[in-house]
Amino acid sequence: MADQVKKYPFQQKIVTLGGGTGHFSLLRGLVELNQPDFISAVVGTWDSGGSSGRLRTELGILPPGDIRQCLLALMEDPKQRQIAQKLFDDRLEEVAGPLKGHSLGNLIAARLEHIYKGADRGTEAERLLFRIRARVLPVSLTDLNLIAKLEGGEEIEGETNIDLRAASKTYDPKHKIMRIYFDTNADPNPEVIKAINEADKIIFSAGDLYTSVLPHLLVNGVKEAIMAAKGKVIMILNLMTKKGETDSYKASDYFGTFLSYLEDKNRINYIIANTNGLDPEILKIYEKEGQEPVKVDEQNCLSLSPDTQIIKSKLAIYYIREHLLRHDPQILASTILELN
């Protein structure tokens with residue numbers, strides 16, 4: 001097969017941590033340029049909404065949504081990925097009964113977890129089933145519930161409730177998120193710790209800061225493994241702020257928050273930031289949704305960690321049909337892989 005003889009320009013041992021479309025874009029680029037067998041995508045297990053949340057409640061499984069998206073991103077054959085995406089995203093709308101509205105991809109993951117008695121073994125079976133060479137690793141095998149504490153003392157329970165809090169009638173932007181934590185002890189997946197220890201590069205994807213990215217550092221042993229590892233640590237800066245989580249955040253706000261959870265101001269080696277000038281008409285649409293471009297206040301970032309290098313590149317791409325502003329997968333991946 002062609003993918004077996006393809007020569008990849010990079011053969012680096014890569015670990016990525018994140019969630020959502022930011023993680024998807026990163027993995028899509030990496031799998032095109034780096035030997036797929038050397039890529040390990042670490043995903044969260046605290047999603048509480050949609051089909052994933054329902055399956056979690058009804059079947060007692062770990063939420064499979066982010067796992068599904070990572071598996072799709074890491075499929076090397078575009079035709080395979082296109083067919084699999086239609087299959088995974090099918091919501092069984094014409095089906096009556098309890099299955100209606102569930103993602104078929106989530107149901108496949110749920111059955112494999114049941115058959116192989118564990119989210120890690122089920123995910124590995126799904127990877128082999130679809131002939132995906134890169135690995136997808138749940139960061140924890142513990143059933144986790146994410147909680148956010150706001151200024152003023154209010155607590156919001158559940159990843160989805162935190163994610164959508166800006167839509168609440170009682171939303172007050174002055175009540176910023178002060179900290180996040182889990183309601184139980186979060187045991188790590190041993191394979192994640194091993195992958196981090198062996199990695200050349202450890203990459204935190206763009207994504208919702210408090211609900212997709214930072215929670216990885218709350219899992220026992222993950223932060224410690226990152227601090228002890230020899231690999232370079234890379235943080236990808238978001239393109240836009242998010243209402244309810246990172247209102248008015250500049251690069252230094254993201255970076256400072258990240259450092260406070262990592263508890264080591266010297267451990268992040270690189271920040272990847274966008275320099276694209278964005279179309280004013282596109283920005284107007286985002287402004288209506290309470291979002292704005294993340295400003296790169298370089299001097300403030302360097303005052304937090306003088307040894308961190310800020311790598312700036314034209315990374316943003318706008319998908320007109322979906323009205324989505326995202327990182328260009330290939331430019332992002334090549335920017336990261338070319339770092340020493």
# chains A, B, ... in the order shown; residues from 1 in each chain; ligands from 1
call {"tool": "residues_around", "arguments": {"residues": "A:Phe130", "least_positions_apart": "2", "cutoff": "9 Å", "atoms": "only C-alpha atoms", "output": "list in words"}}
result
Leu71, Met75, Gln80, Ala84, Ala125, Glu126, Arg127, Leu128 and Ile132 of chain A
call {"tool": "write_last_selection", "arguments": {"atoms": "C-alpha atoms", "output": "mmCIF file, in the first residue's frame"}}
result
data_model
loop_
_atom_site.group_PDB
_atom_site.id
_atom_site.type_symbol
_atom_site.label_atom_id
_atom_site.label_comp_id
_atom_site.auth_asym_id
_atom_site.auth_seq_id
_atom_site.Cartn_x
_atom_site.Cartn_y
_atom_site.Cartn_z
ATOM 1 C CA LEU A 71 -9.277 8.846 15.323
ATOM 2 C CA MET A 75 -6.755 8.574 9.331
ATOM 3 C CA GLN A 80 -11.259 6.558 4.286
ATOM 4 C CA ALA A 84 -15.620 7.337 8.313
ATOM 5 C CA ALA A 125 -9.335 -2.008 19.191
ATOM 6 C CA GLU A 126 -10.982 0.813 17.233
ATOM 7 C CA ARG A 127 -7.584 2.087 16.125
ATOM 8 C CA LEU A 128 -6.685 -1.368 14.795
ATOM 9 C CA ILE A 132 -4.792 3.932 12.219
#
call {"tool": "residues_around", "arguments": {"residues": "A:Ile310", "least_positions_apart": "2", "cutoff": "12 Å", "atoms": "only C-alpha atoms", "output": "PyMOL selection string"}}
result
chain A and resi 234-237+251-252+255+268-275+296-302+305-308+312-313+335-336+339
call {"tool": "write_last_selection", "arguments": {"atoms": "N, CA and C atoms", "output": "compact mmCIF listing (two decimals), in the first residue's frame"}}
result
# COMPACT_ATOMS: atom_id res chain seq x y z
N ILE A 234 5.51 22.60 24.07
CA ILE A 234 5.03 23.62 23.13
C ILE A 234 3.56 23.92 23.42
N MET A 235 3.24 25.20 23.52
CA MET A 235 1.87 25.65 23.74
C MET A 235 1.40 26.40 22.50
N ILE A 236 0.28 25.97 21.93
CA ILE A 236 -0.29 26.65 20.76
C ILE A 236 -1.33 27.65 21.25
N LEU A 237 -1.11 28.90 20.92
CA LEU A 237 -1.99 29.96 21.38
C LEU A 237 -3.28 29.99 20.54
N ALA A 251 -2.26 37.08 25.07
CA ALA A 251 -1.37 35.91 25.11
C ALA A 251 -0.80 35.69 26.51
N SER A 252 -0.45 36.77 27.19
CA SER A 252 0.14 36.64 28.53
C SER A 252 -0.86 36.08 29.54
N PHE A 255 -0.85 32.37 28.82
CA PHE A 255 0.44 31.83 29.23
C PHE A 255 0.57 31.80 30.76
N ILE A 268 7.80 25.58 29.68
CA ILE A 268 7.28 25.75 28.32
C ILE A 268 8.37 26.37 27.45
N ASN A 269 8.81 25.62 26.47
CA ASN A 269 9.91 26.07 25.63
C ASN A 269 9.48 27.00 24.50
N TYR A 270 8.28 26.74 23.96
CA TYR A 270 7.81 27.54 22.82
C TYR A 270 6.33 27.88 22.96
N ILE A 271 5.98 29.09 22.54
CA ILE A 271 4.59 29.48 22.31
C ILE A 271 4.44 29.70 20.81
N ILE A 272 3.43 29.07 20.21
CA ILE A 272 3.15 29.24 18.79
C ILE A 272 2.01 30.23 18.65
N ALA A 273 2.26 31.36 17.97
CA ALA A 273 1.26 32.43 17.87
C ALA A 273 1.00 32.80 16.42
N ASN A 274 -0.20 33.24 16.15
CA ASN A 274 -0.61 33.63 14.80
C ASN A 274 -0.32 35.11 14.54
N THR A 275 0.06 35.42 13.28
CA THR A 275 0.30 36.81 12.88
C THR A 275 -0.59 37.25 11.74
N VAL A 296 -0.98 39.26 20.89
CA VAL A 296 0.29 38.69 21.35
C VAL A 296 1.11 39.80 22.01
N ASP A 297 0.98 39.95 23.31
CA ASP A 297 1.76 40.93 24.08
C ASP A 297 3.07 40.27 24.50
N GLU A 298 4.00 40.29 23.58
CA GLU A 298 5.22 39.51 23.70
C GLU A 298 6.03 39.84 24.95
N GLN A 299 6.17 41.12 25.25
CA GLN A 299 6.99 41.52 26.39
C GLN A 299 6.41 41.02 27.71
N ASN A 300 5.09 41.05 27.83
CA ASN A 300 4.45 40.54 29.05
C ASN A 300 4.66 39.04 29.19
N CYS A 301 4.61 38.33 28.06
CA CYS A 301 4.87 36.89 28.09
C CYS A 301 6.30 36.61 28.55
N LEU A 302 7.25 37.36 27.99
CA LEU A 302 8.65 37.13 28.34
C LEU A 302 8.96 37.51 29.77
N SER A 305 8.27 34.38 31.68
CA SER A 305 9.24 33.31 31.45
C SER A 305 10.22 33.75 30.37
N PRO A 306 11.34 34.36 30.75
CA PRO A 306 12.28 34.93 29.77
C PRO A 306 12.86 33.92 28.79
N ASP A 307 12.92 32.66 29.17
CA ASP A 307 13.55 31.66 28.31
C ASP A 307 12.59 31.05 27.28
N THR A 308 11.30 31.35 27.42
CA THR A 308 10.33 30.82 26.45
C THR A 308 10.44 31.58 25.14
N LYS A 312 6.18 33.13 15.83
CA LYS A 312 5.03 33.75 15.17
C LYS A 312 5.00 33.37 13.69
N SER A 313 3.81 33.01 13.23
CA SER A 313 3.66 32.58 11.84
C SER A 313 2.23 32.87 11.38
N THR A 335 5.53 24.25 11.27
CA THR A 335 6.14 25.21 12.18
C THR A 335 6.65 24.52 13.44
N ILE A 336 5.87 23.58 13.96
CA ILE A 336 6.24 22.85 15.18
C ILE A 336 7.36 21.85 14.91
N LEU A 339 11.02 23.08 14.69
CA LEU A 339 11.66 23.63 15.88
C LEU A 339 12.74 22.66 16.39
call {"tool": "closest_residue", "arguments": {"among": "A:Leu262, A:Val233, A:Leu30, A:Leu141", "to": "A:Leu217", "atoms": "only C-alpha atoms"}}
result
A:Leu262
call {"tool": "atom_distance", "arguments": {"atom1": "atom CA of A:Gly244", "atom2": "atom CA of A:Ala166"}}
result
4.7 Å
call {"tool": "select_by_dssp", "arguments": {"residues": "stretch 35-244 of chain A", "states": "helix (DSSP H, G or I)", "output": "PyMOL selection string"}}
result
chain A and resi 36-38+50-59+65-73+78-89+104-116+119-129+159-163+165-167+190-198+209-218+222-228
call {"tool": "write_last_selection", "arguments": {"atoms": "C-alpha atoms", "output": "compact mmCIF listing (two decimals), in the first residue's frame"}}
result
# COMPACT_ATOMS: atom_id res chain seq x y z
CA PRO A 36 2.28 8.38 12.17
CA ASP A 37 3.60 5.50 14.30
CA PHE A 38 5.42 8.09 16.44
CA GLY A 50 -24.39 15.66 23.89
CA SER A 51 -24.24 12.03 22.85
CA SER A 52 -21.04 11.47 24.84
CA GLY A 53 -22.68 12.73 28.03
CA ARG A 54 -25.79 10.59 27.51
CA LEU A 55 -23.75 7.44 26.93
CA ARG A 56 -21.63 8.25 29.95
CA THR A 57 -24.73 8.46 32.13
CA GLU A 58 -26.71 5.61 30.60
CA LEU A 59 -23.93 3.05 30.09
CA GLY A 65 -16.52 12.16 21.59
CA ASP A 66 -12.95 13.50 21.62
CA ILE A 67 -11.56 10.02 21.01
CA ARG A 68 -13.74 9.75 17.90
CA GLN A 69 -12.51 13.09 16.55
CA CYS A 70 -8.86 12.16 17.10
CA LEU A 71 -9.28 8.85 15.32
CA LEU A 72 -10.79 10.68 12.36
CA ALA A 73 -7.99 13.25 12.30
CA PRO A 78 -8.60 11.03 2.65
CA LYS A 79 -11.24 8.72 1.17
CA GLN A 80 -11.26 6.56 4.29
CA ARG A 81 -11.56 9.66 6.46
CA GLN A 82 -14.43 11.04 4.39
CA ILE A 83 -16.42 7.80 4.62
CA ALA A 84 -15.62 7.34 8.31
CA GLN A 85 -16.67 10.89 9.13
CA LYS A 86 -20.08 10.36 7.52
CA LEU A 87 -20.42 7.09 9.43
CA PHE A 88 -19.22 8.48 12.77
CA ASP A 89 -21.32 11.65 12.53
CA LEU A 104 -22.89 6.24 15.49
CA GLY A 105 -19.18 6.79 16.10
CA ASN A 106 -19.87 7.12 19.81
CA LEU A 107 -21.96 3.94 19.79
CA ILE A 108 -19.14 2.00 18.09
CA ALA A 109 -16.71 3.25 20.74
CA ALA A 110 -19.17 2.37 23.51
CA ARG A 111 -19.59 -1.20 22.31
CA LEU A 112 -15.85 -1.72 21.89
CA GLU A 113 -15.27 -0.39 25.41
CA HIS A 114 -17.85 -2.89 26.68
CA ILE A 115 -16.48 -5.81 24.64
CA TYR A 116 -12.85 -5.17 25.56
CA ALA A 119 -11.83 2.63 27.38
CA ASP A 120 -8.12 2.19 26.69
CA ARG A 121 -8.52 -1.32 25.27
CA GLY A 122 -11.65 -0.33 23.36
CA THR A 123 -9.89 2.66 21.80
CA GLU A 124 -6.95 0.48 20.83
CA ALA A 125 -9.34 -2.01 19.19
CA GLU A 126 -10.98 0.81 17.23
CA ARG A 127 -7.58 2.09 16.12
CA LEU A 128 -6.68 -1.37 14.79
CA LEU A 129 -10.10 -1.80 13.20
CA GLU A 159 -17.71 20.39 31.46
CA THR A 160 -20.71 21.33 29.31
CA ASN A 161 -22.15 23.73 31.88
CA ILE A 162 -18.77 25.47 32.12
CA ASP A 163 -18.41 25.50 28.34
CA ARG A 165 -22.09 29.31 30.81
CA ALA A 166 -22.02 32.46 28.65
CA ALA A 167 -25.44 31.44 27.28
CA PRO A 190 0.06 4.55 32.39
CA GLU A 191 0.51 4.62 28.60
CA VAL A 192 0.17 8.42 28.66
CA ILE A 193 2.94 8.77 31.25
CA LYS A 194 5.16 6.45 29.22
CA ALA A 195 4.52 8.39 25.99
CA ILE A 196 5.35 11.71 27.69
CA ASN A 197 8.59 10.27 29.10
CA GLU A 198 9.70 9.14 25.63
CA LEU A 209 -8.50 26.70 27.92
CA TYR A 210 -10.43 25.64 31.00
CA THR A 211 -12.49 22.78 29.59
CA SER A 212 -10.27 21.14 26.94
CA VAL A 213 -6.62 21.91 27.62
CA LEU A 214 -5.78 22.68 31.26
CA PRO A 215 -7.73 19.74 32.78
CA HIS A 216 -5.05 17.37 31.47
CA LEU A 217 -2.70 18.87 34.05
CA LEU A 218 -5.12 17.95 36.85
CA VAL A 222 0.79 14.12 34.08
CA LYS A 223 2.22 17.44 35.24
CA GLU A 224 5.07 15.65 37.00
CA ALA A 225 5.86 13.57 33.91
CA ILE A 226 5.98 16.69 31.74
CA MET A 227 8.33 18.47 34.14
CA ALA A 228 10.65 15.45 34.26
